[in-house]
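Note sheet for the following structure.
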Amino acid sequence: MITSGAKKVSPSILAADFANLAAEIHRLENAGADFLHVDVMDGHFVPNLTIGPPVVAALKKVSKVPLDVHLMIEDPDRWVADYVDAGSDLITVHIEAAKNPQAIFEFLKKKKVKCGITLKPKSSIESLYPLLGMVDLVLVMTVEPGFGGQSFMEDQVAKIHWLSEQRKKLGLNYWIEVDGGINHRTAKQCFEADIFVAGTYVFKNDPAVAIQNLKSI
């Protein structure tokens with residue numbers, strides 16, 4: 001799964017022009033995006049409301065790159081099947097919200113969908129330890145989940161280092177993804193991550209230049 005030195009970029013559509021999503025997706029594909037990061041928020045687990053399975057299904061119809069779906073929702077155990085059916089290629093759930101994360105991962109693997117786990121900044125990274133051998137990806141949030149455009153939280157970088165060390169120590173092969181306030185400067189602090197999620201930085205600049213800047217970290 002992991003290719004040494006090859007950084008991947010997953011632009012967040014939260015920062016896209018929602019009136020022209022198909023055009024925005026094609027622009028990202030041409031700019032070299034590896035994934036399309038889809039932030040799903042329910043207005044309960046996080047204080048914002050975004051998109052649901054119908055929009056994910058519409059994105060799947062026009063996207064040539066895999067959909068990297070981040071479920072910031074209560075009770076993902078109940079809803080994960082809907083996001084599989086909508087065409088998600090990778091689904092990440094929160095340790096704080098999942099009632100039975102192991103069951104979710106087993107279900108996703110049966111459906112041939114990659115699985116990920118994440119946590120809010122205030123949660124302990126050690127809480128993920130029992131799950132590291134079950135997942136394809138671990139996402140570190142460097143902002144409080146719920147809104148785009150927040151400032152990067154430097155104190156969360158230590159979690160990336162911990163995950164990198166555990167991956168080596170345990171002989172595992174999960175991706176480390178980082179999301180929140182990522183740009184060409186903050187990404188350098190997260191050099192041990194494999195996938196950079198960036199919304200504002202990609203869409204407020206030339207996407208091709210921004211994505212290449214991140215891949216060259």
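Please note that chains go A, B, ... in the order of the structure tokens, that every chain numbers its residues from 1, and that ligands are numbered from 1 in the order shown.
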
Problem set entry | strand (DSSP E) residues, from DSSP on the backbone, in chain A, as a VMD selection string | chain A and resid 8 to 11 36 to 41 67 to 72 90 to 94 114 to 119 137 to 141 175 to 179 195 to 198

At a cut-off of 10 Å, can you tabulate as JSON lines every residue of region 89-126 of chain A near region 156-180 of chain A together with its closest atom pair and the distance in Å to one decimal, using only C-alpha atoms and ordering rows by chain then number?
```
{"residue": "A:Cys115", "atom": "CA", "partner": "A:Tyr174", "partner_atom": "CA", "distance": 9.8}
{"residue": "A:Gly116", "atom": "CA", "partner": "A:Tyr174", "partner_atom": "CA", "distance": 8.8}
{"residue": "A:Thr118", "atom": "CA", "partner": "A:Glu177", "partner_atom": "CA", "distance": 9.3}
{"residue": "A:Lys120", "atom": "CA", "partner": "A:Gln156", "partner_atom": "CA", "distance": 9.9}
{"residue": "A:Pro121", "atom": "CA", "partner": "A:Gln156", "partner_atom": "CA", "distance": 6.8}
{"residue": "A:Lys122", "atom": "CA", "partner": "A:Gln156", "partner_atom": "CA", "distance": 9.2}
{"residue": "A:Ser124", "atom": "CA", "partner": "A:Lys159", "partner_atom": "CA", "distance": 8.8}
{"residue": "A:Ile125", "atom": "CA", "partner": "A:Lys159", "partner_atom": "CA", "distance": 6.2}
{"residue": "A:Glu126", "atom": "CA", "partner": "A:Trp162", "partner_atom": "CA", "distance": 8.8}
```

Take the residues from that selection and put them in a file with C-alpha atoms, as a tab-separated table (two decimals), in the first residue's frame.
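Everything below was put into out_27.tsv:
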```tsv
chain	number	residue	atom	x	y	z
A	115	CYS	CA	-11.33	1.38	5.89
A	116	GLY	CA	-9.93	4.14	8.04
A	118	THR	CA	-9.67	8.88	12.97
A	120	LYS	CA	-10.69	14.47	17.28
A	121	PRO	CA	-7.67	16.53	18.38
A	122	LYS	CA	-8.49	16.21	22.08
A	124	SER	CA	-5.71	10.26	22.80
A	125	ILE	CA	-3.89	8.68	19.87
A	126	GLU	CA	-3.19	5.63	22.04
```

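For the set A:Ile211, A:Val62, A:Val93, A:Val143, the residue with the smallest atom-to-atom gap to Val40 (chain A) is A:Val93, counting only C-alpha atoms.
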
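Nearest-residue note for Lys61 (chain A): choosing from A:Asp39, A:Ala22, A:Asp75, A:Phe45, the minimum distance belongs to A:Ala22, counting only C-alpha atoms.
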
Close residues, Val69 (chain A) itself excluded, 7 Å, only C-alpha atoms, min 5 positions apart in chain, as an mmCIF file with N, CA and C atoms, in the first residue's frame:
```cif
data_model
loop_
_atom_site.group_PDB
_atom_site.id
_atom_site.type_symbol
_atom_site.label_atom_id
_atom_site.label_comp_id
_atom_site.auth_asym_id
_atom_site.auth_seq_id
_atom_site.Cartn_x
_atom_site.Cartn_y
_atom_site.Cartn_z
ATOM 1 N N HIS A 37 -11.452 13.991 -1.373
ATOM 2 C CA HIS A 37 -11.829 13.897 0.041
ATOM 3 C C HIS A 37 -13.225 14.470 0.228
ATOM 4 N N VAL A 38 -14.112 13.635 0.766
ATOM 5 C CA VAL A 38 -15.518 14.006 0.912
ATOM 6 C C VAL A 38 -15.853 14.072 2.405
ATOM 7 N N ASP A 39 -16.096 15.273 2.900
ATOM 8 C CA ASP A 39 -16.402 15.485 4.312
ATOM 9 C C ASP A 39 -17.903 15.371 4.541
ATOM 10 N N SER A 88 -18.450 4.892 -2.258
ATOM 11 C CA SER A 88 -17.214 5.264 -1.551
ATOM 12 C C SER A 88 -16.132 4.219 -1.779
ATOM 13 N N LEU A 90 -13.072 4.526 -0.010
ATOM 14 C CA LEU A 90 -12.416 4.472 1.302
ATOM 15 C C LEU A 90 -13.320 5.208 2.281
ATOM 16 N N ILE A 91 -13.606 4.591 3.410
ATOM 17 C CA ILE A 91 -14.464 5.228 4.414
ATOM 18 C C ILE A 91 -13.732 5.272 5.745
ATOM 19 N N THR A 92 -13.659 6.481 6.312
ATOM 20 C CA THR A 92 -13.019 6.689 7.608
ATOM 21 C C THR A 92 -14.075 7.084 8.626
#
```
